[in-house]
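A.B. asks: Input structure: entry12.cif, which contains mmCIF, C-alpha atoms.
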data_upload
loop_
_atom_site.label_atom_id
_atom_site.label_comp_id
_atom_site.auth_asym_id
_atom_site.auth_seq_id
_atom_site.Cartn_x
_atom_site.Cartn_y
_atom_site.Cartn_z
CA MET P 13 2.46 43.71 62.86
CA GLU P 14 -0.85 41.87 63.03
CA LYS P 15 -0.69 38.51 64.70
CA ARG P 16 -1.21 35.67 62.23
CA THR P 17 -4.39 33.63 62.61
CA ASN P 18 -3.94 29.88 62.50
CA ILE P 19 -6.82 27.93 60.97
CA THR P 20 -7.21 24.49 62.51
CA CYS P 21 -9.57 21.61 61.78
CA LYS P 22 -11.15 22.29 65.16
CA SER P 23 -11.84 25.90 64.16
CA LEU P 24 -13.48 24.92 60.87
CA ILE P 25 -15.61 22.20 62.45
CA SER P 26 -16.94 24.72 64.97
CA ILE P 27 -18.12 26.92 62.10
CA PRO P 28 -20.74 28.12 61.40
CA SER P 29 -21.88 27.13 64.91
CA SER P 30 -22.72 24.30 67.27
CA LEU P 31 -26.32 24.73 66.07
CA LEU P 32 -25.31 23.05 62.83
CA ILE P 33 -24.02 19.92 64.61
CA LEU P 34 -27.06 19.67 66.87
CA LEU P 35 -29.39 20.10 63.92
CA LEU P 36 -27.69 17.45 61.85
CA ILE P 37 -27.55 14.90 64.64
CA GLN P 38 -31.23 15.50 65.32
CA ALA P 39 -32.06 15.02 61.64
CA GLY P 40 -29.98 11.85 61.58
CA PHE P 41 -31.85 10.30 64.50
CA ALA P 42 -35.19 11.37 63.01
CA GLN P 43 -34.32 9.73 59.71
CA ASP P 44 -33.20 6.50 61.41
CA ALA P 45 -36.60 6.23 63.05
CA GLN P 46 -38.47 6.43 59.74
CA GLU P 47 -38.86 4.11 56.83
CA LYS P 48 -36.24 4.92 54.23
CA LYS P 49 -37.53 7.23 51.52
CA TYR P 50 -35.37 8.94 48.94
CA TYR P 51 -36.53 12.37 47.86
CA PHE P 52 -33.57 13.57 45.79
CA PHE P 53 -31.15 10.65 45.39
CA HIS P 54 -32.22 7.93 42.95
CA PRO P 55 -30.21 4.75 43.60
CA GLU P 56 -31.88 3.02 40.64
CA ASN P 57 -30.16 5.47 38.26
CA THR P 58 -26.81 3.82 37.56
CA PHE P 59 -26.41 5.98 34.46
CA GLY P 60 -26.08 9.66 33.62
CA SER P 61 -25.31 12.41 36.09
CA GLU P 62 -26.81 10.43 38.98
CA SER P 63 -24.14 7.75 38.56
CA GLN P 64 -21.49 10.32 39.55
CA VAL P 65 -23.09 11.45 42.82
CA GLY P 66 -20.87 11.08 45.89
CA PRO P 67 -19.29 13.12 48.71
CA ILE P 68 -16.03 13.84 46.87
CA SER P 69 -17.76 14.89 43.65
CA VAL P 70 -20.12 17.13 45.65
CA PHE P 71 -17.13 18.69 47.43
CA ILE P 72 -15.19 19.32 44.18
CA ASN P 73 -18.16 20.69 42.25
CA GLY P 74 -19.25 22.90 45.12
CA GLY P 75 -15.87 24.05 46.37
CA TYR P 76 -14.42 24.95 42.97
CA ASP P 77 -17.56 26.28 41.30
CA MET P 78 -16.02 29.76 41.12
CA MET P 79 -13.30 28.52 38.78
CA ARG P 80 -15.85 28.24 35.98
CA ASN P 81 -15.83 32.03 35.67
CA GLY P 82 -13.48 33.25 32.97
CA GLY P 83 -11.71 35.71 35.25
CA HIS P 84 -10.47 33.10 37.74
CA PRO P 85 -7.30 31.00 37.58
CA LYS P 86 -8.12 27.31 37.17
CA ASN P 87 -5.18 25.61 38.89
CA PRO P 88 -6.29 24.43 42.36
CA PHE P 89 -2.75 23.35 43.27
CA THR P 90 -1.26 26.84 43.16
CA TRP P 91 -3.99 28.62 45.12
CA ASP P 92 -3.09 30.66 48.21
CA TYR P 93 -5.25 28.58 50.56
CA ASP P 94 -3.39 29.86 53.62
CA GLY P 95 -3.87 33.55 52.89
CA ASP P 96 -7.40 33.31 51.49
CA GLY P 97 -8.41 30.85 54.20
CA THR P 98 -7.17 33.24 56.89
CA HIS P 99 -9.26 36.01 55.29
CA VAL P 100 -12.39 33.82 55.38
CA TRP P 101 -11.75 32.83 59.00
CA ARG P 102 -11.30 36.45 60.10
CA ASN P 103 -14.69 37.34 58.62
CA MET P 104 -16.36 34.25 60.06
CA ARG P 105 -15.09 34.66 63.63
CA ASP P 106 -16.67 38.11 64.11
CA PRO P 107 -19.77 38.30 61.88
CA ILE P 108 -21.64 40.88 63.97
CA GLY P 109 -18.63 43.20 64.21
CA ASN P 110 -18.04 43.06 60.47
CA ILE P 111 -21.71 43.76 59.72
CA ARG P 112 -21.58 46.80 62.02
CA LYS P 113 -18.57 48.16 60.15
CA PHE P 114 -20.29 47.53 56.82
CA GLY P 115 -23.63 48.91 58.02
CA TRP P 116 -26.72 46.95 59.02
CA ASP P 117 -29.07 48.74 56.61
CA GLU P 118 -26.75 48.21 53.67
CA PHE P 119 -26.17 44.58 54.69
CA VAL P 120 -29.90 43.84 54.74
CA HIS P 121 -30.49 45.73 51.49
CA GLN P 122 -27.56 44.16 49.65
CA GLU P 123 -27.50 40.60 50.97
CA ILE P 124 -30.87 39.73 52.51
CA PHE P 125 -33.65 41.32 50.47
CA ASN P 126 -34.59 44.43 48.54
CA PHE P 127 -37.17 45.39 45.94
CA THR P 128 -34.60 46.38 43.28
CA VAL P 129 -33.86 43.38 41.12
CA GLY P 130 -30.83 44.01 38.92
CA VAL P 131 -27.28 42.87 38.28
CA LYS P 132 -25.87 45.21 40.93
CA ASN P 133 -28.65 44.95 43.52
CA ALA P 134 -29.79 41.34 43.70
CA GLU P 135 -27.23 39.37 45.67
CA PHE P 136 -30.11 37.94 47.70
CA LEU P 137 -31.44 36.02 44.65
CA PRO P 138 -28.41 33.71 44.22
CA ASN P 139 -28.21 33.52 48.03
CA ILE P 140 -31.73 32.09 48.21
CA GLY P 141 -31.52 29.97 45.07
CA GLY P 142 -27.99 28.66 45.55
CA HIS P 143 -27.21 28.73 49.26
CA THR P 144 -30.63 28.04 50.74
CA VAL P 145 -32.44 25.87 48.20
CA GLY P 146 -29.43 24.52 46.28
CA ASN P 147 -27.15 23.79 49.23
CA GLY P 148 -30.10 22.50 51.25
CA MET P 149 -31.05 20.09 48.48
CA HIS P 150 -27.42 18.91 48.18
CA PHE P 151 -27.36 18.39 51.95
CA ALA P 152 -30.47 16.17 51.82
CA LYS P 153 -29.40 14.36 48.64
CA LEU P 154 -25.93 13.53 49.92
CA ALA P 155 -27.42 12.35 53.23
CA GLU P 156 -29.69 10.01 51.28
CA TYR P 157 -26.70 8.76 49.29
CA LEU P 158 -24.76 8.06 52.49
CA GLU P 159 -27.78 6.42 54.10
CA TYR P 160 -28.21 4.17 51.05
CA HIS P 161 -24.57 3.10 51.47
CA ASN P 162 -25.13 2.42 55.19
CA VAL P 163 -22.90 5.22 56.50
CA PRO P 164 -23.71 6.01 60.17
CA LEU P 165 -25.13 9.48 60.92
CA PRO P 166 -25.58 10.37 57.24
CA TYR P 167 -27.02 13.82 57.96
CA LEU P 168 -24.07 14.71 60.16
CA TRP P 169 -21.49 13.74 57.52
CA SER P 170 -23.50 15.38 54.77
CA GLY P 171 -23.71 18.59 56.77
CA LEU P 172 -19.98 18.62 57.39
CA THR P 173 -19.26 17.95 53.71
CA THR P 174 -21.59 20.62 52.35
CA THR P 175 -20.39 23.15 54.93
CA ALA P 176 -16.77 22.37 54.05
CA TYR P 177 -17.32 22.94 50.34
CA GLN P 178 -19.14 26.19 51.04
CA ILE P 179 -16.16 27.40 53.06
CA LEU P 180 -13.79 26.33 50.26
CA ASN P 181 -15.97 28.20 47.77
CA GLU P 182 -15.58 31.36 49.86
CA VAL P 183 -11.79 30.79 49.99
CA ILE P 184 -11.68 30.58 46.18
CA GLU P 185 -13.89 33.66 45.86
CA ALA P 186 -11.57 35.69 48.12
CA GLU P 187 -8.72 35.49 45.56
CA GLY P 188 -6.34 37.85 47.37
CA TYR P 189 -8.90 40.16 48.99
CA ARG P 190 -8.15 40.82 52.67
CA GLY P 191 -10.86 43.22 53.85
CA ILE P 192 -14.35 42.92 55.32
CA ASN P 193 -16.63 40.54 53.41
CA VAL P 194 -20.20 40.40 54.64
CA ASP P 195 -21.28 38.37 51.62
CA LEU P 196 -19.70 35.23 53.08
CA VAL P 197 -21.25 36.06 56.45
CA ALA P 198 -24.71 36.04 54.86
CA ASP P 199 -23.94 32.90 52.86
CA LEU P 200 -22.59 30.77 55.69
CA TYR P 201 -24.52 31.97 58.71
CA ILE P 202 -27.94 32.81 57.26
CA PHE P 203 -28.70 31.17 53.93
CA ASN P 204 -26.76 27.90 54.28
CA LEU P 205 -28.06 27.24 57.78
CA SER P 206 -31.58 28.10 56.62
CA GLY P 207 -31.29 25.58 53.79
CA ILE P 208 -30.02 22.85 56.10
CA ALA P 209 -32.85 23.56 58.56
CA ILE P 210 -35.53 23.48 55.84
CA PHE P 211 -34.24 20.31 54.17
CA SER P 212 -33.90 18.56 57.52
CA THR P 213 -37.69 18.56 57.82
CA GLU P 214 -40.16 16.21 56.17
CA TRP P 215 -42.10 19.23 54.92
CA GLY P 216 -39.06 20.77 53.23
CA LYS P 217 -38.02 17.57 51.49
CA THR P 218 -41.57 16.86 50.33
CA PHE P 219 -42.18 20.40 49.09
CA PHE P 220 -38.94 20.61 47.09
CA SER P 221 -39.26 17.11 45.64
CA GLU P 222 -42.97 17.09 44.78
CA THR P 223 -44.66 20.51 44.97
CA LEU P 224 -41.74 22.46 43.51
CA PRO P 225 -39.28 19.76 42.36
CA VAL P 226 -35.63 20.83 42.60
CA ASN P 227 -32.57 18.73 41.81
CA GLU P 228 -29.11 19.13 40.30
CA TRP P 229 -27.44 18.43 37.00
CA SER P 230 -23.83 19.15 37.92
CA PRO P 231 -21.19 19.06 35.17
CA GLN P 232 -18.31 16.58 35.05
CA PRO P 233 -15.09 17.98 36.61
CA ILE P 234 -11.96 17.34 34.53
CA LEU P 235 -8.33 17.59 35.68
CA ASP P 236 -5.55 18.11 33.15
CA PRO P 237 -2.54 16.28 34.69
CA TYR P 238 -0.10 18.14 32.44
CA ASN P 239 -0.86 21.71 33.55
CA GLY P 240 -2.96 21.08 36.69
CA LEU P 241 -6.02 22.93 35.39
CA LEU P 242 -9.42 21.98 36.79
CA GLN P 243 -12.13 22.33 34.16
CA ASN P 244 -15.92 21.98 34.21
CA ALA P 245 -16.35 21.79 38.00
CA GLY P 246 -19.50 23.43 39.27
CA GLN P 247 -23.06 23.11 40.48
CA GLN P 248 -26.16 23.57 38.36
CA TYR P 249 -29.69 23.17 39.66
CA TYR P 250 -32.97 22.76 37.83
CA VAL P 251 -36.65 23.11 38.60
CA ARG P 252 -39.19 21.25 36.49
CA LYS P 253 -42.86 20.75 37.24
CA ASN P 254 -45.31 18.80 35.13
CA PHE P 255 -48.88 20.09 34.92
CA SER P 256 -51.57 17.79 33.57
CA PHE P 257 -53.09 20.45 31.34
CA LEU P 258 -49.76 20.83 29.51
CA GLY P 259 -49.61 17.16 28.53
CA ASN P 260 -46.05 16.08 27.75
CA TRP P 261 -44.68 19.61 28.10
CA SER P 262 -43.23 21.05 31.32
CA PRO P 263 -41.76 24.47 32.21
CA PHE P 264 -38.07 24.32 33.04
CA PHE P 265 -35.66 26.51 34.99
CA TYR P 266 -31.90 25.82 35.11
CA TYR P 267 -29.75 27.95 37.40
CA GLY P 268 -26.25 28.39 38.77
CA VAL P 269 -23.56 30.09 36.70
CA TYR P 270 -25.99 29.46 33.84
CA THR P 271 -29.55 30.76 34.20
CA ILE P 272 -31.84 29.28 31.57
CA PHE P 273 -35.61 29.31 31.12
CA GLY P 274 -37.11 26.75 28.80
CA THR P 275 -39.42 23.84 28.27
CA SER P 276 -39.13 20.05 28.47
CA TYR P 277 -40.89 17.51 26.30
CA ALA P 278 -41.39 13.95 27.58
CA TYR P 279 -41.24 11.78 24.48
CA ASP P 280 -41.74 8.63 26.56
CA PRO P 281 -42.31 7.88 30.28
CA GLN P 282 -38.58 8.04 31.09
CA ASN P 283 -36.92 10.40 28.59
CA ASN P 284 -37.14 14.18 28.29
CA LEU P 285 -35.71 16.64 25.81
CA THR P 286 -35.26 20.21 27.03
CA PHE P 287 -34.38 23.49 25.34
CA GLY P 288 -33.94 26.91 26.89
CA VAL P 289 -32.26 30.30 26.61
CA GLY P 290 -30.98 32.74 29.19
CA ARG P 291 -27.84 34.32 30.61
CA VAL P 292 -24.49 33.10 31.91
CA VAL P 293 -22.01 34.69 34.31
CA ASN P 294 -18.82 34.59 32.24
CA LYS P 295 -16.81 36.79 34.59
CA LEU P 296 -17.01 38.54 37.96
CA ARG P 297 -16.06 42.20 38.23
CA GLU P 298 -14.65 43.41 41.53
CA GLY P 299 -15.69 46.88 42.63
CA ARG P 300 -16.14 48.93 45.78
CA LEU P 301 -19.22 49.99 47.73
CA ARG P 302 -18.42 52.72 50.29
CA GLY P 303 -14.88 51.36 50.40
CA PHE P 304 -15.91 47.72 50.82
CA ARG P 305 -15.54 44.95 48.26
CA LYS P 306 -18.48 44.33 45.94
CA ILE P 307 -18.58 41.73 43.17
CA ASP P 308 -20.88 42.16 40.17
CA PRO P 309 -21.46 39.56 37.45
CA GLN P 310 -20.57 40.15 33.81
CA LEU P 311 -23.31 38.46 31.80
CA ASP P 312 -23.52 36.92 28.36
CA GLY P 313 -26.22 35.17 26.37
CA THR P 314 -26.65 31.39 26.47
CA ALA P 315 -28.74 28.58 25.04
CA GLY P 316 -28.87 24.98 26.18
CA PHE P 317 -30.10 21.58 25.04
CA PHE P 318 -30.56 18.71 27.51
CA TRP P 319 -31.53 15.05 27.44
CA ASP P 320 -32.37 13.32 30.69
CA LYS P 321 -33.54 9.80 31.50
CA ASN P 322 -35.56 9.28 34.66
CA THR P 323 -34.36 12.78 35.75
CA SER P 324 -30.67 11.77 35.37
CA LEU P 325 -28.91 13.99 32.84
CA MET P 326 -27.54 11.97 29.92
CA ALA P 327 -26.18 14.73 27.69
CA SER P 328 -26.16 18.51 27.45
CA VAL P 329 -24.72 21.16 25.17
CA LEU P 330 -24.41 24.80 26.19
CA PHE P 331 -23.64 27.74 23.90
CA THR P 332 -22.63 31.21 25.09
CA GLY P 333 -22.07 34.47 23.25
CA PRO P 334 -21.72 36.85 21.59
CA GLY P 335 -19.29 38.40 24.09
CA LEU P 336 -17.76 35.04 24.91
CA TYR P 337 -17.92 32.43 22.15
CA ASN P 338 -18.05 29.11 23.87
CA MET P 339 -19.49 25.63 23.51
CA GLN P 340 -19.56 22.95 26.19
CA LEU P 341 -20.69 19.39 25.55
CA ASN P 342 -21.22 16.90 28.40
CA ILE P 343 -21.99 13.27 27.59
CA TYR P 344 -22.52 11.25 30.75
CA PRO P 345 -21.90 7.55 31.43
CA GLY P 346 -24.62 5.38 29.95
CA VAL P 347 -24.75 6.96 26.50
CA ILE P 348 -21.68 5.62 24.69
CA SER P 349 -20.41 2.08 25.32
CA ILE P 350 -16.86 0.95 24.57
CA PHE P 351 -16.20 -2.77 25.05
CA ASP P 352 -19.18 -3.08 27.40
CA TYR P 353 -17.97 -0.10 29.45
CA SER P 354 -19.57 3.33 29.36
CA PRO P 355 -17.45 6.38 30.31
CA GLY P 356 -18.50 10.01 30.11
CA PHE P 357 -17.01 12.66 27.84
CA TYR P 358 -16.47 16.41 27.89
CA LEU P 359 -15.65 18.79 25.05
CA ALA P 360 -15.33 22.56 25.28
CA VAL P 361 -14.28 25.22 22.80
CA GLY P 362 -13.86 28.80 23.97
CA GLU P 363 -11.92 32.05 23.69
CA TRP P 364 -10.45 31.81 27.20
CA ASP P 365 -10.00 28.06 27.58
CA GLY P 366 -9.18 27.04 24.01
CA ILE P 367 -10.02 23.37 23.42
CA VAL P 368 -10.67 21.03 26.35
CA LEU P 369 -11.18 17.28 26.02
CA GLY P 370 -11.96 14.97 28.90
CA VAL P 371 -13.15 11.53 29.90
CA THR P 372 -14.99 10.69 33.13
CA PHE P 373 -15.96 7.53 34.98
CA SER P 374 -18.85 6.65 37.27
CA GLU P 375 -16.41 5.13 39.75
CA LEU P 376 -14.26 8.27 40.05
CA PRO P 377 -15.28 11.79 41.18
CA LEU P 378 -12.76 13.45 38.86
CA GLY P 379 -12.13 12.82 35.18
CA LEU P 380 -8.91 13.24 33.19
CA GLY P 381 -8.51 15.70 30.37
CA TYR P 382 -6.34 17.63 27.99
CA SER P 383 -6.54 21.33 27.28
CA HIS P 384 -4.86 23.40 24.60
CA LYS P 385 -5.05 27.13 24.02
#
How does this structure look as structure tokens?
C.D. replies:
Amino acid sequence: MEKRTNITCKSLISIPSSLLILLLIQAGFAQDAQEKKYYFFHPENTFGSESQVGPISVFINGGYDMMRNGGHPKNPFTWDYDGDGTHVWRNMRDPIGNIRKFGWDEFVHQEIFNFTVGVKNAEFLPNIGGHTVGNGMHFAKLAEYLEYHNVPLPYLWSGLTTTAYQILNEVIEAEGYRGINVDLVADLYIFNLSGIAIFSTEWGKTFFSETLPVNEWSPQPILDPYNGLLQNAGQQYYVRKNFSFLGNWSPFFYYGVYTIFGTSYAYDPQNNLTFGVGRVVNKLREGRLRGFRKIDPQLDGTAGFFWDKNTSLMASVLFTGPGLYNMQLNIYPGVISIFDYSPGFYLAVGEWDGIVLGVTFSELPLGLGYSHK
């Protein structure tokens, strides 16, 4: 019988490597020596999606992003964290050995880069967009949030938080699988560390906040206390760049589980209306590649409408179909006032989830909801 692997806090903190800790401490000291400048976090935005930024909300949205897919259970309290966590640890503790068993050529082709862009051959695209650029931006943004709230070593704590949610995301993705998984090796050791390294530099933060502006419009996570279901947790990023020759119009790219291309119109100096169409991953299909696990996305059509104020998302509505009929409406704090208080609201209607209603608060990282199917 195989000896059971115990996962301790010390083990997780040592992962991905001591390089992460050294890098974060160095970035923290570098930031302390400079005048404070916020590239991604906007403390003046006390409304909309920016009002809900914080370490716990980042951890929930990042760690449980997989639960948005229709094929995954949505109760975080009944998950086999022990078994799935042991699986993740076994793959993390011997990355080189697992890559050898999988095959170096196939690993590079499947996870790092290839010239075949398609549903079954483009894992490197979400790796770059989500784990390098997305996670790197979250790392820098959360560090700025912590720095604004006078937390010592903000880059260190941000790095630990974003690394922890990435590990949790891999635990959720495992969902009972116990074999070799080189996808998480690429995610945690290559793309996440690359993102942290890039966004630890002044060049990286300047490039991705000015030259190619990236930020996040994460949804509002809702917990149903009756059945324990976690709804609407996830991470969504957007890229929007204004060009003078386009006037008030700007190209727009929204990506995560939803991938939407569209255009934004600035109807005044602070407010933008955005519309786009694209694809959504409504389910993940598990298959095999030479005997090893391979996950391919099942796609559906989608369209989205967005309103943001000073880059903080105020409201959005997303439609998906025709394979999965679904509508999700997010109204963030700052839109509707009730007795001089402004909560956020969530409404979803879908084939898999039925009807979901929720209310959120700027002061809390998790809203309360009710779901009925």
A.B. asks: Counting all atoms listed in the file, figure out which residue out of P:Pro345, P:Gly75, P:Gly274, P:Gly148 gets nearest to Ala245 (chain P).
C.D. replies: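 Between P:Pro345, P:Gly75, P:Gly274, P:Gly148, the residue approaching Ala245 (chain P) most closely is P:Gly75.
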A.B. asks: So which residues touch region 47-58 of chain P within 12 Å, counting all atoms listed in the file, skipping near sequence neighbours fewer than 4 positions away, as a ChimeraX atom specification?
C.D. replies: /P:40,42-43,62-66,146,148-162,211-223,225-229,282,320-326,344-347,354,373-375
A.B. asks: Translate the PyMOL selection byres ((chain P and resi 327-339) around 7), as applied to the file shown, into an explicit residue set as a list of chain:residue names.
C.D. replies: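 What the PyMOL selection byres ((chain P and resi 327-339) around 7) grabs from the file is P:Asp312, P:Gly313, P:Thr314, P:Ala315, P:Gly316, P:Phe317, P:Phe318, P:Trp319, P:Leu325, P:Met326, P:Gln340, P:Leu341, P:Asn342, P:Ile343, P:Tyr344, P:Ala360, P:Val361, P:Gly362, P:Glu363.
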A.B. asks: So what does the PyMOL selection byres ((chain P and resi 233) around 10) actually pick up in this one, as a list in words?
C.D. replies: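 What the PyMOL selection byres ((chain P and resi 233) around 10) grabs from the file is Ser69, Ile72, Asn73, Tyr76, Asp77, Ser230, Pro231, Gln232, Ile234, Leu235, Leu242, Gln243, Asn244, Ala245, Gly246, Tyr358, Gly370, Val371, Thr372, Pro377, Leu378, Gly379, Leu380 and Gly381 of chain P.
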A.B. asks: For CA of Asn87 (chain P) and CA of Tyr177 (chain P), determine how far apart the two atoms are, in Å to one decimal place.
C.D. replies: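 Computed distance, CA of Asn87 (chain P) to CA of Tyr177 (chain P), equals 16.9 Å.
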A.B. asks: Could you jot down the CA of Lys295 (chain P) to CA of Ile202 (chain P) separation for me, Å, one decimal place?
C.D. replies: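 Answer for the CA of Lys295 (chain P) to CA of Ile202 (chain P) separation: 25.6 Å.
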A.B. asks: From the set P:Ser61, P:Ser170, P:Asn260, P:Asn193, which residue has the shortest atom-to-atom contact distance to Phe357 (chain P), counting all atoms listed in the file?
C.D. replies: P:Ser61
A.B. asks: Go through P:Lys253, P:Arg102, P:His143, P:Arg291 and flag the residue nearest Val194 (chain P), using all atoms listed in the file for the distances.
C.D. replies: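 Once distances to Val194 (chain P) are computed over all atoms listed in the file, the minimum belongs to P:Arg102.
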A.B. asks: What does the structure give for the distance between CA of Pro281 (chain P) and CA of Gln248 (chain P), in Å to one decimal?
C.D. replies: 23.9 Å
A.B. asks: Since I can't run it myself right now, could you work out what the PyMOL selection byres ((chain P and resi 196) around 12) selects here and report it as a ChimeraX atom specification?
C.D. replies: /P:28,99-107,110-111,119,123,135,139,143,178-186,191-195,197-204,305-307
A.B. asks: Within 12 Å of (-0.7, 19.6, 21.7), only C-alpha atoms: residues as an MDAnalysis selection string?
C.D. replies: chainID P and resid 238 366:369 382:385
A.B. asks: Could you check the closest approach to Val289 (chain P) for each of P:Phe273, P:Phe114, P:Phe89, P:Tyr189 and tell me which residue wins, using only C-alpha atoms?
C.D. replies: P:Phe273
A.B. asks: Since fewer atoms than expected are present, regenerate N, CA and C atoms for region 158-181 of chain P and write them as a CSV table (one decimal), keeping the file's coordinate frame.
C.D. replies:
chain,number,residue,atom,x,y,z
P,158,LEU,N,-25.5,8.7,51.4
P,158,LEU,CA,-24.8,8.1,52.5
P,158,LEU,C,-25.6,7.0,53.2
P,159,GLU,N,-26.9,7.4,53.4
P,159,GLU,CA,-27.8,6.4,54.1
P,159,GLU,C,-27.9,5.2,53.3
P,160,TYR,N,-28.1,5.3,51.9
P,160,TYR,CA,-28.2,4.2,51.0
P,160,TYR,C,-27.0,3.3,51.1
P,161,HIS,N,-25.8,3.9,51.4
P,161,HIS,CA,-24.6,3.1,51.5
P,161,HIS,C,-24.2,2.8,52.9
P,162,ASN,N,-25.2,2.9,53.8
P,162,ASN,CA,-25.1,2.4,55.2
P,162,ASN,C,-24.0,3.1,56.0
P,163,VAL,N,-23.8,4.4,55.7
P,163,VAL,CA,-22.9,5.2,56.5
P,163,VAL,C,-23.6,5.7,57.8
P,164,PRO,N,-23.1,5.5,58.9
P,164,PRO,CA,-23.7,6.0,60.2
P,164,PRO,C,-23.8,7.5,60.2
P,165,LEU,N,-24.9,8.0,60.8
P,165,LEU,CA,-25.1,9.5,60.9
P,165,LEU,C,-25.0,10.2,59.6
P,166,PRO,N,-25.8,9.8,58.6
P,166,PRO,CA,-25.6,10.4,57.2
P,166,PRO,C,-25.8,11.9,57.2
P,167,TYR,N,-26.8,12.4,58.0
P,167,TYR,CA,-27.0,13.8,58.0
P,167,TYR,C,-25.9,14.6,58.6
P,168,LEU,N,-25.2,14.0,59.6
P,168,LEU,CA,-24.1,14.7,60.2
P,168,LEU,C,-22.9,14.8,59.1
P,169,TRP,N,-22.6,13.7,58.5
P,169,TRP,CA,-21.5,13.7,57.5
P,169,TRP,C,-21.8,14.6,56.3
P,170,SER,N,-23.1,14.5,55.9
P,170,SER,CA,-23.5,15.4,54.8
P,170,SER,C,-23.4,16.9,55.1
P,171,GLY,N,-23.8,17.2,56.3
P,171,GLY,CA,-23.7,18.6,56.8
P,171,GLY,C,-22.3,19.1,56.8
P,172,LEU,N,-21.4,18.2,57.3
P,172,LEU,CA,-20.0,18.6,57.4
P,172,LEU,C,-19.4,18.8,56.0
P,173,THR,N,-19.8,17.9,55.1
P,173,THR,CA,-19.3,18.0,53.7
P,173,THR,C,-19.7,19.2,53.0
P,174,THR,N,-21.1,19.5,53.1
P,174,THR,CA,-21.6,20.6,52.4
P,174,THR,C,-21.1,21.9,53.0
P,175,THR,N,-20.9,22.0,54.3
P,175,THR,CA,-20.4,23.2,54.9
P,175,THR,C,-18.9,23.4,54.5
P,176,ALA,N,-18.2,22.3,54.4
P,176,ALA,CA,-16.8,22.4,54.0
P,176,ALA,C,-16.6,22.9,52.6
P,177,TYR,N,-17.5,22.4,51.7
P,177,TYR,CA,-17.3,22.9,50.3
P,177,TYR,C,-17.8,24.4,50.2
P,178,GLN,N,-18.7,24.8,51.1
P,178,GLN,CA,-19.1,26.2,51.0
P,178,GLN,C,-18.0,27.1,51.5
P,179,ILE,N,-17.3,26.6,52.6
P,179,ILE,CA,-16.2,27.4,53.1
P,179,ILE,C,-15.1,27.5,52.0
P,180,LEU,N,-14.8,26.3,51.3
P,180,LEU,CA,-13.8,26.3,50.3
P,180,LEU,C,-14.2,27.3,49.1
P,181,ASN,N,-15.5,27.3,48.8
P,181,ASN,CA,-16.0,28.2,47.8
P,181,ASN,C,-15.7,29.7,48.1
